[in-house]
>>> print(open('query-v8.pdb').read())   # PDB, C-alpha atoms and all ligand atoms
ATOM      1  CA  VAL A   1     -32.545  94.973  25.780
ATOM      2  CA  LYS A   2     -31.917  93.355  29.154
ATOM      3  CA  GLY A   3     -33.520  91.318  31.938
ATOM      4  CA  LYS A   4     -37.306  90.959  31.776
ATOM      5  CA  ALA A   5     -37.528  92.645  28.362
ATOM      6  CA  LYS A   6     -35.040  90.118  26.985
ATOM      7  CA  GLN A   7     -37.076  87.260  28.399
ATOM      8  CA  ALA A   8     -40.311  88.730  26.961
ATOM      9  CA  ALA A   9     -38.674  88.939  23.533
ATOM     10  CA  ARG A  10     -37.586  85.297  23.841
ATOM     11  CA  ASN A  11     -41.226  84.315  24.492
ATOM     12  CA  ALA A  12     -42.546  86.303  21.502
ATOM     13  CA  ALA A  13     -43.825  84.462  18.425
ATOM     14  CA  PRO A  14     -40.774  84.080  16.156
ATOM     15  CA  VAL A  15     -40.734  85.593  12.676
ATOM     16  CA  THR A  16     -40.240  82.681  10.288
ATOM     17  CA  ARG A  17     -40.825  84.641   7.085
ATOM     18  CA  LEU A  18     -40.172  88.308   6.530
ATOM     19  CA  ALA A  19     -40.973  90.841   3.807
ATOM     20  CA  VAL A  20     -38.985  93.927   2.909
ATOM     21  CA  LEU A  21     -40.557  96.769   0.942
ATOM     22  CA  GLY A  22     -37.958  98.554  -1.173
ATOM     23  CA  ALA A  23     -34.909  96.833  -2.642
ATOM     24  CA  GLY A  24     -32.532  99.778  -2.236
ATOM     25  CA  ILE A  25     -29.358 100.039  -0.157
ATOM     26  CA  MET A  26     -31.243  99.288   3.036
ATOM     27  CA  GLY A  27     -34.004  96.963   1.813
ATOM     28  CA  GLY A  28     -31.513  94.825  -0.111
ATOM     29  CA  GLY A  29     -29.224  94.689   2.923
ATOM     30  CA  ILE A  30     -32.046  93.773   5.307
ATOM     31  CA  ALA A  31     -33.368  90.997   3.033
ATOM     32  CA  CYS A  32     -29.869  89.579   2.636
ATOM     33  CA  GLN A  33     -29.182  89.702   6.386
ATOM     34  CA  ALA A  34     -32.435  87.846   7.112
ATOM     35  CA  ALA A  35     -31.637  85.187   4.491
ATOM     36  CA  VAL A  36     -28.103  84.743   5.828
ATOM     37  CA  ARG A  37     -29.633  84.004   9.216
ATOM     38  CA  GLY A  38     -32.067  81.477   7.741
ATOM     39  CA  ILE A  39     -35.173  83.678   7.662
ATOM     40  CA  PRO A  40     -36.713  83.586   4.156
ATOM     41  CA  ALA A  41     -37.357  87.106   2.851
ATOM     42  CA  VAL A  42     -39.702  88.435   0.203
ATOM     43  CA  MET A  43     -38.200  91.615  -1.289
ATOM     44  CA  LYS A  44     -40.735  93.887  -2.942
ATOM     45  CA  ASP A  45     -40.055  96.921  -5.127
ATOM     46  CA  ILE A  46     -41.892  98.831  -7.813
ATOM     47  CA  ASN A  47     -39.423  98.267 -10.610
ATOM     48  CA  ASN A  48     -37.429  95.324 -11.895
ATOM     49  CA  ASP A  49     -34.162  97.252 -12.118
ATOM     50  CA  ALA A  50     -34.285  97.966  -8.377
ATOM     51  CA  LEU A  51     -34.963  94.301  -7.652
ATOM     52  CA  ALA A  52     -32.054  93.248  -9.848
ATOM     53  CA  LEU A  53     -29.821  95.753  -8.053
ATOM     54  CA  GLY A  54     -30.933  94.438  -4.637
ATOM     55  CA  MET A  55     -30.196  90.837  -5.655
ATOM     56  CA  ASN A  56     -26.895  91.904  -7.167
ATOM     57  CA  GLU A  57     -25.819  93.569  -3.907
ATOM     58  CA  ALA A  58     -26.735  90.443  -1.930
ATOM     59  CA  GLY A  59     -24.794  88.331  -4.438
ATOM     60  CA  LYS A  60     -21.720  90.609  -4.166
ATOM     61  CA  ARG A  61     -21.686  90.423  -0.394
ATOM     62  CA  LEU A  62     -21.948  86.625  -0.426
ATOM     63  CA  THR A  63     -19.332  86.285  -3.178
ATOM     64  CA  ARG A  64     -16.873  88.224  -1.012
ATOM     65  CA  GLN A  65     -17.494  85.723   1.785
ATOM     66  CA  LEU A  66     -17.032  82.854  -0.671
ATOM     67  CA  GLU A  67     -13.710  84.315  -1.828
ATOM     68  CA  ARG A  68     -12.543  84.582   1.769
ATOM     69  CA  GLY A  69     -13.444  80.933   2.319
ATOM     70  CA  LYS A  70     -16.125  81.779   4.895
ATOM     71  CA  ILE A  71     -18.909  80.018   2.962
ATOM     72  CA  ASP A  72     -19.036  77.530   0.093
ATOM     73  CA  GLY A  73     -20.921  77.691  -3.205
ATOM     74  CA  ALA A  74     -23.817  75.577  -1.975
ATOM     75  CA  HIS A  75     -24.306  77.881   1.019
ATOM     76  CA  LEU A  76     -24.248  80.954  -1.232
ATOM     77  CA  ALA A  77     -26.882  79.461  -3.551
ATOM     78  CA  GLY A  78     -28.969  78.433  -0.527
ATOM     79  CA  VAL A  79     -28.947  81.934   0.949
ATOM     80  CA  LEU A  80     -29.847  83.590  -2.357
ATOM     81  CA  SER A  81     -32.716  81.127  -2.822
ATOM     82  CA  HIS A  82     -34.104  82.438   0.481
ATOM     83  CA  ILE A  83     -34.618  85.907  -1.036
ATOM     84  CA  ARG A  84     -37.666  86.154  -3.243
ATOM     85  CA  PRO A  85     -37.764  89.330  -5.361
ATOM     86  CA  THR A  86     -41.235  90.450  -6.374
ATOM     87  CA  LEU A  87     -43.207  93.372  -7.788
ATOM     88  CA  SER A  88     -46.445  92.234  -6.181
ATOM     89  CA  ASN A  89     -47.991  92.678  -2.745
ATOM     90  CA  ASP A  90     -49.792  89.381  -3.335
ATOM     91  CA  GLU A  91     -46.704  87.468  -2.232
ATOM     92  CA  LEU A  92     -46.879  88.724   1.341
ATOM     93  CA  ASP A  93     -49.080  85.895   2.576
ATOM     94  CA  GLY A  94     -47.866  84.344   5.799
ATOM     95  CA  VAL A  95     -45.150  86.872   6.617
ATOM     96  CA  GLY A  96     -44.708  87.566  10.320
ATOM     97  CA  LEU A  97     -42.974  90.913   9.843
ATOM     98  CA  VAL A  98     -42.918  93.491   7.050
ATOM     99  CA  VAL A  99     -39.997  95.945   7.119
ATOM    100  CA  GLU A 100     -40.762  99.040   5.076
ATOM    101  CA  ALA A 101     -37.582 100.518   3.531
ATOM    102  CA  VAL A 102     -38.861 102.632   0.617
ATOM    103  CA  VAL A 103     -37.729 106.194  -0.113
ATOM    104  CA  GLU A 104     -37.705 108.655   2.814
ATOM    105  CA  ASN A 105     -40.882 110.459   1.759
ATOM    106  CA  PRO A 106     -43.776 110.620   4.270
ATOM    107  CA  ASP A 107     -46.479 110.530   1.561
ATOM    108  CA  VAL A 108     -44.960 107.554  -0.244
ATOM    109  CA  LYS A 109     -44.448 105.713   3.033
ATOM    110  CA  ALA A 110     -48.020 106.436   4.214
ATOM    111  CA  LYS A 111     -49.418 105.042   0.979
ATOM    112  CA  VAL A 112     -47.170 101.969   0.948
ATOM    113  CA  LEU A 113     -47.896 101.173   4.605
ATOM    114  CA  ALA A 114     -51.681 101.512   4.219
ATOM    115  CA  GLU A 115     -51.628  99.280   1.115
ATOM    116  CA  VAL A 116     -49.546  96.612   2.739
ATOM    117  CA  GLU A 117     -51.638  96.598   5.916
ATOM    118  CA  GLN A 118     -54.629  95.569   3.816
ATOM    119  CA  LYS A 119     -52.698  92.705   2.251
ATOM    120  CA  VAL A 120     -51.209  91.063   5.326
ATOM    121  CA  GLY A 121     -52.880  89.071   8.097
ATOM    122  CA  ALA A 122     -54.219  90.864  11.194
ATOM    123  CA  ASP A 123     -51.385  89.368  13.227
ATOM    124  CA  THR A 124     -48.536  90.572  11.002
ATOM    125  CA  VAL A 125     -46.294  93.238  12.470
ATOM    126  CA  ILE A 126     -45.223  96.127  10.228
ATOM    127  CA  ALA A 127     -42.071  98.143  10.976
ATOM    128  CA  SER A 128     -40.583 101.171   9.240
ATOM    129  CA  ASN A 129     -36.862 101.689   8.655
ATOM    130  CA  THR A 130     -37.356 105.465   8.504
ATOM    131  CA  SER A 131     -34.467 107.569   9.817
ATOM    132  CA  THR A 132     -36.368 110.801  10.373
ATOM    133  CA  ILE A 133     -40.150 110.448  10.184
ATOM    134  CA  PRO A 134     -41.954 110.080  13.534
ATOM    135  CA  ILE A 135     -43.326 106.561  13.961
ATOM    136  CA  SER A 136     -46.527 107.910  15.493
ATOM    137  CA  THR A 137     -47.099 110.079  12.394
ATOM    138  CA  LEU A 138     -46.697 107.089  10.076
ATOM    139  CA  ALA A 139     -49.064 105.124  12.308
ATOM    140  CA  ASN A 140     -51.826 107.716  11.754
ATOM    141  CA  ASN A 141     -52.872 106.106   8.474
ATOM    142  CA  LEU A 142     -52.979 102.579   9.827
ATOM    143  CA  ARG A 143     -55.955 100.617  11.104
ATOM    144  CA  ARG A 144     -53.747  98.591  13.460
ATOM    145  CA  PRO A 145     -51.242 101.089  14.884
ATOM    146  CA  ASP A 146     -50.611  98.663  17.757
ATOM    147  CA  LYS A 147     -48.988  96.296  15.237
ATOM    148  CA  PHE A 148     -46.588  98.996  14.011
ATOM    149  CA  CYS A 149     -43.223 100.317  15.208
ATOM    150  CA  GLY A 150     -39.836 101.494  13.916
ATOM    151  CA  MET A 151     -36.993  99.128  13.065
ATOM    152  CA  HIS A 152     -34.021 101.296  12.174
ATOM    153  CA  PHE A 153     -31.055  99.449  10.690
ATOM    154  CA  PHE A 154     -27.780 101.194   9.877
ATOM    155  CA  ASN A 155     -25.767 101.167   6.680
ATOM    156  CA  PRO A 156     -24.141  98.807   5.727
ATOM    157  CA  VAL A 157     -26.669  96.452   7.264
ATOM    158  CA  HIS A 158     -24.401  93.404   7.403
ATOM    159  CA  ARG A 159     -21.653  95.266   9.285
ATOM    160  CA  MET A 160     -23.555  97.484  11.706
ATOM    161  CA  PRO A 161     -24.634  95.560  14.821
ATOM    162  CA  LEU A 162     -27.163  98.050  16.235
ATOM    163  CA  VAL A 163     -30.871  98.186  15.368
ATOM    164  CA  GLU A 164     -33.089 100.826  16.989
ATOM    165  CA  ILE A 165     -36.595  99.526  17.699
ATOM    166  CA  ILE A 166     -38.811 102.594  18.017
ATOM    167  CA  ARG A 167     -41.869 102.420  20.199
ATOM    168  CA  GLY A 168     -44.638 104.561  18.675
ATOM    169  CA  GLU A 169     -47.482 105.986  20.724
ATOM    170  CA  HIS A 170     -49.663 102.940  20.015
ATOM    171  CA  SER A 171     -47.090 100.141  19.491
ATOM    172  CA  SER A 172     -48.045  97.190  21.685
ATOM    173  CA  ASP A 173     -45.584  95.331  23.903
ATOM    174  CA  ASP A 174     -46.118  92.204  21.812
ATOM    175  CA  THR A 175     -45.175  94.124  18.641
ATOM    176  CA  ILE A 176     -41.989  95.459  20.244
ATOM    177  CA  ASN A 177     -41.088  92.014  21.619
ATOM    178  CA  ARG A 178     -41.515  90.350  18.251
ATOM    179  CA  VAL A 179     -39.402  92.908  16.442
ATOM    180  CA  VAL A 180     -36.718  92.791  19.149
ATOM    181  CA  ALA A 181     -36.649  88.989  18.836
ATOM    182  CA  CYS A 182     -36.444  89.183  15.056
ATOM    183  CA  ALA A 183     -33.543  91.676  15.169
ATOM    184  CA  ALA A 184     -31.706  89.330  17.540
ATOM    185  CA  ALA A 185     -32.443  86.340  15.268
ATOM    186  CA  MET A 186     -30.901  88.381  12.436
ATOM    187  CA  GLY A 187     -27.709  88.598  14.486
ATOM    188  CA  LYS A 188     -28.203  92.235  15.505
ATOM    189  CA  THR A 189     -28.201  94.062  18.822
ATOM    190  CA  PRO A 190     -31.629  95.656  19.321
ATOM    191  CA  ILE A 191     -32.262  98.643  21.576
ATOM    192  CA  VAL A 192     -35.761  99.933  22.272
ATOM    193  CA  VAL A 193     -36.004 103.716  22.042
ATOM    194  CA  ASN A 194     -38.665 106.393  22.245
ATOM    195  CA  ASP A 195     -40.176 108.092  19.230
ATOM    196  CA  CYS A 196     -38.350 111.435  19.055
ATOM    197  CA  PRO A 197     -36.389 113.298  16.368
ATOM    198  CA  GLY A 198     -33.173 111.363  15.668
ATOM    199  CA  PHE A 199     -34.276 108.470  17.895
ATOM    200  CA  PHE A 200     -31.096 107.570  19.820
ATOM    201  CA  VAL A 201     -28.133 107.352  17.448
ATOM    202  CA  ASN A 202     -28.668 110.595  15.551
ATOM    203  CA  ARG A 203     -29.098 112.501  18.812
ATOM    204  CA  VAL A 204     -25.582 111.397  19.678
ATOM    205  CA  LEU A 205     -24.110 111.627  16.197
ATOM    206  CA  PHE A 206     -25.370 115.019  15.043
ATOM    207  CA  PRO A 207     -23.931 117.125  17.860
ATOM    208  CA  TYR A 208     -20.614 115.488  16.878
ATOM    209  CA  PHE A 209     -21.128 116.447  13.212
ATOM    210  CA  PHE A 210     -22.120 119.951  14.298
ATOM    211  CA  GLY A 211     -18.920 120.242  16.336
ATOM    212  CA  PHE A 212     -17.021 119.156  13.236
ATOM    213  CA  ASN A 213     -18.827 121.833  11.159
ATOM    214  CA  ARG A 214     -17.706 124.459  13.651
ATOM    215  CA  LEU A 215     -14.098 123.301  13.610
ATOM    216  CA  LEU A 216     -14.124 123.633   9.820
ATOM    217  CA  ALA A 217     -15.645 127.116  10.085
ATOM    218  CA  ASP A 218     -12.792 127.994  12.481
ATOM    219  CA  GLY A 219     -10.307 126.973   9.789
ATOM    220  CA  ALA A 220      -9.448 123.377  10.687
ATOM    221  CA  ASP A 221      -8.605 120.885   7.944
ATOM    222  CA  PHE A 222     -11.041 117.981   7.587
ATOM    223  CA  ALA A 223      -8.290 115.442   6.854
ATOM    224  CA  ASP A 224      -6.400 116.490  10.009
ATOM    225  CA  ILE A 225      -9.558 115.988  12.083
ATOM    226  CA  ASP A 226     -10.136 112.549  10.540
ATOM    227  CA  ARG A 227      -6.511 111.580  11.099
ATOM    228  CA  VAL A 228      -6.688 112.446  14.787
ATOM    229  CA  MET A 229     -10.068 110.760  15.340
ATOM    230  CA  GLU A 230      -9.051 107.626  13.443
ATOM    231  CA  ARG A 231      -5.375 107.089  14.245
ATOM    232  CA  GLN A 232      -4.960 108.743  17.613
ATOM    233  CA  PHE A 233      -8.435 108.537  19.110
ATOM    234  CA  GLY A 234      -9.067 105.117  17.586
ATOM    235  CA  TRP A 235     -12.512 105.505  16.018
ATOM    236  CA  PRO A 236     -13.023 103.493  12.815
ATOM    237  CA  MET A 237     -13.904 106.639  10.840
ATOM    238  CA  GLY A 238     -13.451 110.341  11.416
ATOM    239  CA  PRO A 239     -16.392 112.722  10.872
ATOM    240  CA  ALA A 240     -15.548 113.668   7.259
ATOM    241  CA  ARG A 241     -15.219 110.058   6.132
ATOM    242  CA  LEU A 242     -18.367 109.107   8.024
ATOM    243  CA  LEU A 243     -20.326 111.951   6.400
ATOM    244  CA  ASP A 244     -19.131 110.738   2.993
ATOM    245  CA  VAL A 245     -20.394 107.250   3.793
ATOM    246  CA  VAL A 246     -23.724 108.473   5.194
ATOM    247  CA  GLY A 247     -24.223 110.757   2.170
ATOM    248  CA  MET A 248     -24.423 114.556   2.291
ATOM    249  CA  ASP A 249     -28.072 114.546   1.124
ATOM    250  CA  THR A 250     -29.065 112.231   3.984
ATOM    251  CA  ALA A 251     -26.959 114.188   6.499
ATOM    252  CA  HIS A 252     -28.370 117.528   5.279
ATOM    253  CA  HIS A 253     -31.932 116.288   5.675
ATOM    254  CA  ALA A 254     -31.276 114.703   9.084
ATOM    255  CA  ALA A 255     -29.520 117.885  10.305
ATOM    256  CA  ALA A 256     -32.654 119.886   9.435
ATOM    257  CA  VAL A 257     -34.824 117.383  11.315
ATOM    258  CA  MET A 258     -32.566 117.612  14.375
ATOM    259  CA  ALA A 259     -32.566 121.437  14.264
ATOM    260  CA  GLN A 260     -36.344 121.497  14.047
ATOM    261  CA  GLY A 261     -36.739 118.901  16.804
ATOM    262  CA  PHE A 262     -34.251 120.491  19.197
ATOM    263  CA  PRO A 263     -33.980 124.177  18.200
ATOM    264  CA  ASP A 264     -32.394 125.135  21.525
ATOM    265  CA  ARG A 265     -29.518 122.662  21.105
ATOM    266  CA  MET A 266     -29.155 121.780  17.459
ATOM    267  CA  GLN A 267     -29.880 124.947  15.499
ATOM    268  CA  GLN A 268     -26.838 125.834  13.363
ATOM    269  CA  ASN A 269     -25.876 129.423  12.589
ATOM    270  CA  GLY A 270     -25.528 130.172   8.880
ATOM    271  CA  SER A 271     -24.525 127.702   6.214
ATOM    272  CA  THR A 272     -22.503 124.774   7.461
ATOM    273  CA  ALA A 273     -20.026 122.561   5.609
ATOM    274  CA  ILE A 274     -22.798 119.973   5.258
ATOM    275  CA  ASP A 275     -25.139 122.592   3.688
ATOM    276  CA  LEU A 276     -22.481 123.885   1.298
ATOM    277  CA  MET A 277     -21.415 120.439   0.157
ATOM    278  CA  PHE A 278     -25.002 119.365  -0.338
ATOM    279  CA  GLU A 279     -25.696 122.475  -2.452
ATOM    280  CA  GLN A 280     -22.726 121.583  -4.637
ATOM    281  CA  GLN A 281     -23.925 117.960  -4.854
ATOM    282  CA  LEU A 282     -20.743 116.718  -3.192
ATOM    283  CA  LEU A 283     -22.686 113.781  -1.824
ATOM    284  CA  GLY A 284     -19.801 111.525  -0.788
ATOM    285  CA  GLN A 285     -19.407 107.844  -1.570
ATOM    286  CA  LYS A 286     -22.694 107.575  -3.442
ATOM    287  CA  ASN A 287     -21.637 109.875  -6.305
ATOM    288  CA  GLY A 288     -17.880 109.563  -5.838
ATOM    289  CA  HIS A 289     -17.284 113.161  -4.671
ATOM    290  CA  GLY A 290     -17.387 114.338  -1.082
ATOM    291  CA  PHE A 291     -14.646 115.316   1.318
ATOM    292  CA  TYR A 292     -12.742 112.493  -0.400
ATOM    293  CA  HIS A 293     -12.769 111.067  -3.916
ATOM    294  CA  TRP A 294     -14.304 107.610  -4.069
ATOM    295  CA  GLN A 295     -13.786 105.100  -6.908
TER     296      GLN A 295
HETATM  297  P1  LIG B 301     -32.930 103.766  -1.734
HETATM  298  O1  LIG B 301     -33.288 104.968  -2.518
HETATM  299  O2  LIG B 301     -31.620 103.088  -1.941
HETATM  300  O3  LIG B 301     -34.068 102.648  -1.964
HETATM  301  C1  LIG B 301     -35.433 102.906  -1.897
HETATM  302  C2  LIG B 301     -36.138 101.850  -2.728
HETATM  303  O4  LIG B 301     -37.542 101.993  -2.521
HETATM  304  C3  LIG B 301     -35.891 101.989  -4.239
HETATM  305  O5  LIG B 301     -35.406 100.755  -4.760
HETATM  306  C4  LIG B 301     -37.269 102.338  -4.804
HETATM  307  O6  LIG B 301     -37.498 101.789  -6.101
HETATM  308  C5  LIG B 301     -38.168 101.682  -3.744
HETATM  309  N1  LIG B 301     -39.535 102.170  -3.741
HETATM  310  C6  LIG B 301     -40.002 103.420  -3.946
HETATM  311  N2  LIG B 301     -41.349 103.436  -3.853
HETATM  312  C7  LIG B 301     -41.731 102.154  -3.572
HETATM  313  C8  LIG B 301     -42.988 101.519  -3.370
HETATM  314  N3  LIG B 301     -44.118 102.219  -3.468
HETATM  315  N4  LIG B 301     -43.009 100.193  -3.083
HETATM  316  C9  LIG B 301     -41.860  99.476  -3.012
HETATM  317  N5  LIG B 301     -40.633 100.035  -3.225
HETATM  318  C10 LIG B 301     -40.581 101.345  -3.495
HETATM  319  O7  LIG B 301     -33.134 104.169  -0.211
HETATM  320  P2  LIG B 301     -32.379 103.626   1.090
HETATM  321  O8  LIG B 301     -31.130 104.412   1.306
HETATM  322  O9  LIG B 301     -32.317 102.144   1.038
HETATM  323  O10 LIG B 301     -33.397 104.102   2.225
HETATM  324  C11 LIG B 301     -34.607 103.418   2.472
HETATM  325  C12 LIG B 301     -35.126 103.815   3.843
HETATM  326  O11 LIG B 301     -34.157 103.466   4.839
HETATM  327  C13 LIG B 301     -35.403 105.301   4.032
HETATM  328  O12 LIG B 301     -36.511 105.460   4.861
HETATM  329  C14 LIG B 301     -34.139 105.807   4.726
HETATM  330  O13 LIG B 301     -34.356 106.969   5.503
HETATM  331  C15 LIG B 301     -33.817 104.621   5.608
HETATM  332  N6  LIG B 301     -32.406 104.513   6.021
HETATM  333  C16 LIG B 301     -31.415 104.754   5.128
HETATM  334  C17 LIG B 301     -30.085 104.616   5.536
HETATM  335  C18 LIG B 301     -28.946 104.858   4.571
HETATM  336  O14 LIG B 301     -27.814 105.060   5.038
HETATM  337  N7  LIG B 301     -29.166 104.811   3.267
HETATM  338  C19 LIG B 301     -29.797 104.223   6.856
HETATM  339  C20 LIG B 301     -30.853 103.938   7.730
HETATM  340  C21 LIG B 301     -32.164 104.094   7.298
END
>>> encode(input="query-v8.pdb", output="structure tokens")
Amino acid sequence: VKGKAKQAARNAAPVTRLAVLGAGIMGGGIACQAAVRGIPAVMKDINNDALALGMNEAGKRLTRQLERGKIDGAHLAGVLSHIRPTLSNDELDGVGLVVEAVVENPDVKAKVLAEVEQKVGADTVIASNTSTIPISTLANNLRRPDKFCGMHFFNPVHRMPLVEIIRGEHSSDDTINRVVACAAAMGKTPIVVNDCPGFFVNRVLFPYFFGFNRLLADGADFADIDRVMERQFGWPMGPARLLDVVGMDTAHHAAAVMAQGFPDRMQQNGSTAIDLMFEQQLLGQKNGHGFYHWQ
């Protein structure tokens, strides 16, 4: 976001209180990142275990910073007190932005978004962290589609600088400006992108994964490819390690979305390494078994 757009975002009404729906990997990370940057966050889920897990993750991240001497105990307690876990939509009063980060299921998201729209003020902006569902499709069930857009964080939220802000068919400029400003206030680098399969990052990333699939099919060794990309080429992770971190279930689903969205460019022939590993539930870091073994 540069020039006039940057200035417009600076003039947008700041988000002083935020809500996150879903306390999973992403929701927990987003709530924690907001709190770290001094924006109080309500974190809503449908079960207490998920909320406890979300708070636990935030606590672990802050404890690591405490151990490294980056923050003190009072700061840690202060940040955690800025995250308010809840099971109720009644606590969303006065939030400037709601970030929806529930499971990647269009029906669940449609229901959650419609419910929350009825609970929040007419001026509240709602954004979805979806990776693969078109923003304009999600907006179909909303009464105020102009107040809705995508806000796509990457995992792990505290380490990944980029946030894609996705402009849906009806998203207003004011909505985009407010979400851009909020991402910047959270210490992130926002980019505004169009609503298309894969948005920006996955359109770049998946052809790379598909190239990797083909190298494997030609007999290359995944560890050799990672070694070259990491040590010689200098990327932080090679494709196999990155797929393990992303999760083979997520990658498998996103690959199908890319193939459907861009059949001329992204259709894969036959079963790929990603397909085969997904079928065998070699999901990567999340279940400990992928290309690598994870503790
Ligand atoms: P997750 O499974 O870790 O968490 C989802 C959470 O949503 C769970 O805690 C679940 O209890 C909760 N939930 C389900 N229904 C709900 C409801 N009706 N109301 C409130 N909470 C509800 O999922 P995740 O990996 O954090 O992904 C969340 C979203 O973020 C998805 O849309 C996903 O595509 C997107 N995303 C994920 C990643 C990633 O790497 N995991 C990266 C970018 C975007």
>>> resolve_selection(input="query-v8.pdb", expression="the PyMOL selection byres (((chain A and resi 76-85) around 8) and not hetatm)", output="PyMOL selection string")
chain A and resi 31-32+35-36+38-45+51+55+58-59+62-63+66+71-75+86-87
>>> closest_residue(input="query-v8.pdb", among="A:Val102, A:Ala110, A:Met266, A:Ala122", to="ligand LIG 301 (chain B)", atoms="all atoms listed in the file")
A:Val102
>>> residues_around(input="query-v8.pdb", residues="Glu279 in chain A", least_positions_apart="6", cutoff="10 Å", atoms="all atoms listed in the file", output="PyMOL selection string")
chain A and resi 248-249+252+273
>>> residues_around(input="query-v8.pdb", residues="Gln7 in chain A", least_positions_apart="6", cutoff="10 Å", atoms="all atoms listed in the file", output="list in words")
Val1, Asn177 and Ala181 of chain A
>>> write_last_selection(input="query-v8.pdb", atoms="C-alpha atoms", output="PDB file, keeping the file's coordinate frame")
ATOM      1  CA  VAL A   1     -32.545  94.973  25.780  1.00  0.00           C
ATOM      2  CA  ASN A 177     -41.088  92.014  21.619  1.00  0.00           C
ATOM      3  CA  ALA A 181     -36.649  88.989  18.836  1.00  0.00           C
TER       4      ALA A 181
END
>>> residues_around(input="query-v8.pdb", residues="Thr124 in chain A", least_positions_apart="2", cutoff="12 Å", atoms="all atoms listed in the file", output="PyMOL selection string")
chain A and resi 13-19+92-99+116-122+126-127+144-149+174-175+178-179
>>> build_atoms(input="query-v8.pdb", residues="range 207-224 of chain A", atoms="N, CA and C atoms", output="mmCIF file, in the coordinates of the input")
data_model
loop_
_atom_site.group_PDB
_atom_site.id
_atom_site.type_symbol
_atom_site.label_atom_id
_atom_site.label_comp_id
_atom_site.auth_asym_id
_atom_site.auth_seq_id
_atom_site.Cartn_x
_atom_site.Cartn_y
_atom_site.Cartn_z
ATOM 1 N N PRO A 207 -24.752 116.131 17.151
ATOM 2 C CA PRO A 207 -23.931 117.125 17.860
ATOM 3 C C PRO A 207 -22.443 116.974 17.520
ATOM 4 N N TYR A 208 -22.015 115.743 17.285
ATOM 5 C CA TYR A 208 -20.614 115.488 16.878
ATOM 6 C C TYR A 208 -20.356 116.091 15.488
ATOM 7 N N PHE A 209 -21.280 115.849 14.543
ATOM 8 C CA PHE A 209 -21.128 116.447 13.212
ATOM 9 C C PHE A 209 -21.167 117.976 13.298
ATOM 10 N N PHE A 210 -22.022 118.502 14.183
ATOM 11 C CA PHE A 210 -22.120 119.951 14.298
ATOM 12 C C PHE A 210 -20.820 120.526 14.876
ATOM 13 N N GLY A 211 -20.225 119.824 15.800
ATOM 14 C CA GLY A 211 -18.920 120.242 16.336
ATOM 15 C C GLY A 211 -17.873 120.253 15.234
ATOM 16 N N PHE A 212 -17.930 119.246 14.382
ATOM 17 C CA PHE A 212 -17.021 119.156 13.236
ATOM 18 C C PHE A 212 -17.234 120.350 12.289
ATOM 19 N N ASN A 213 -18.509 120.664 12.004
ATOM 20 C CA ASN A 213 -18.827 121.833 11.159
ATOM 21 C C ASN A 213 -18.156 123.091 11.712
ATOM 22 N N ARG A 214 -18.254 123.243 13.031
ATOM 23 C CA ARG A 214 -17.706 124.459 13.651
ATOM 24 C C ARG A 214 -16.192 124.507 13.568
ATOM 25 N N LEU A 215 -15.563 123.339 13.747
ATOM 26 C CA LEU A 215 -14.098 123.301 13.610
ATOM 27 C C LEU A 215 -13.686 123.711 12.208
ATOM 28 N N LEU A 216 -14.442 123.250 11.205
ATOM 29 C CA LEU A 216 -14.124 123.633 9.820
ATOM 30 C C LEU A 216 -14.299 125.139 9.633
ATOM 31 N N ALA A 217 -15.399 125.675 10.207
ATOM 32 C CA ALA A 217 -15.645 127.116 10.085
ATOM 33 C C ALA A 217 -14.524 127.910 10.759
ATOM 34 N N ASP A 218 -13.916 127.327 11.787
ATOM 35 C CA ASP A 218 -12.792 127.994 12.481
ATOM 36 C C ASP A 218 -11.469 127.797 11.738
ATOM 37 N N GLY A 219 -11.510 127.084 10.612
ATOM 38 C CA GLY A 219 -10.307 126.973 9.789
ATOM 39 C C GLY A 219 -9.579 125.648 9.875
ATOM 40 N N ALA A 220 -10.140 124.668 10.593
ATOM 41 C CA ALA A 220 -9.448 123.377 10.687
ATOM 42 C C ALA A 220 -9.546 122.630 9.358
ATOM 43 N N ASP A 221 -8.627 121.674 9.169
ATOM 44 C CA ASP A 221 -8.605 120.885 7.944
ATOM 45 C C ASP A 221 -9.305 119.542 8.212
ATOM 46 N N PHE A 222 -10.248 119.189 7.311
ATOM 47 C CA PHE A 222 -11.041 117.981 7.587
ATOM 48 C C PHE A 222 -10.170 116.729 7.699
ATOM 49 N N ALA A 223 -9.129 116.653 6.852
ATOM 50 C CA ALA A 223 -8.290 115.442 6.854
ATOM 51 C C ALA A 223 -7.505 115.331 8.167
ATOM 52 N N ASP A 224 -7.096 116.509 8.715
ATOM 53 C CA ASP A 224 -6.400 116.490 10.009
ATOM 54 C C ASP A 224 -7.331 115.955 11.100
#
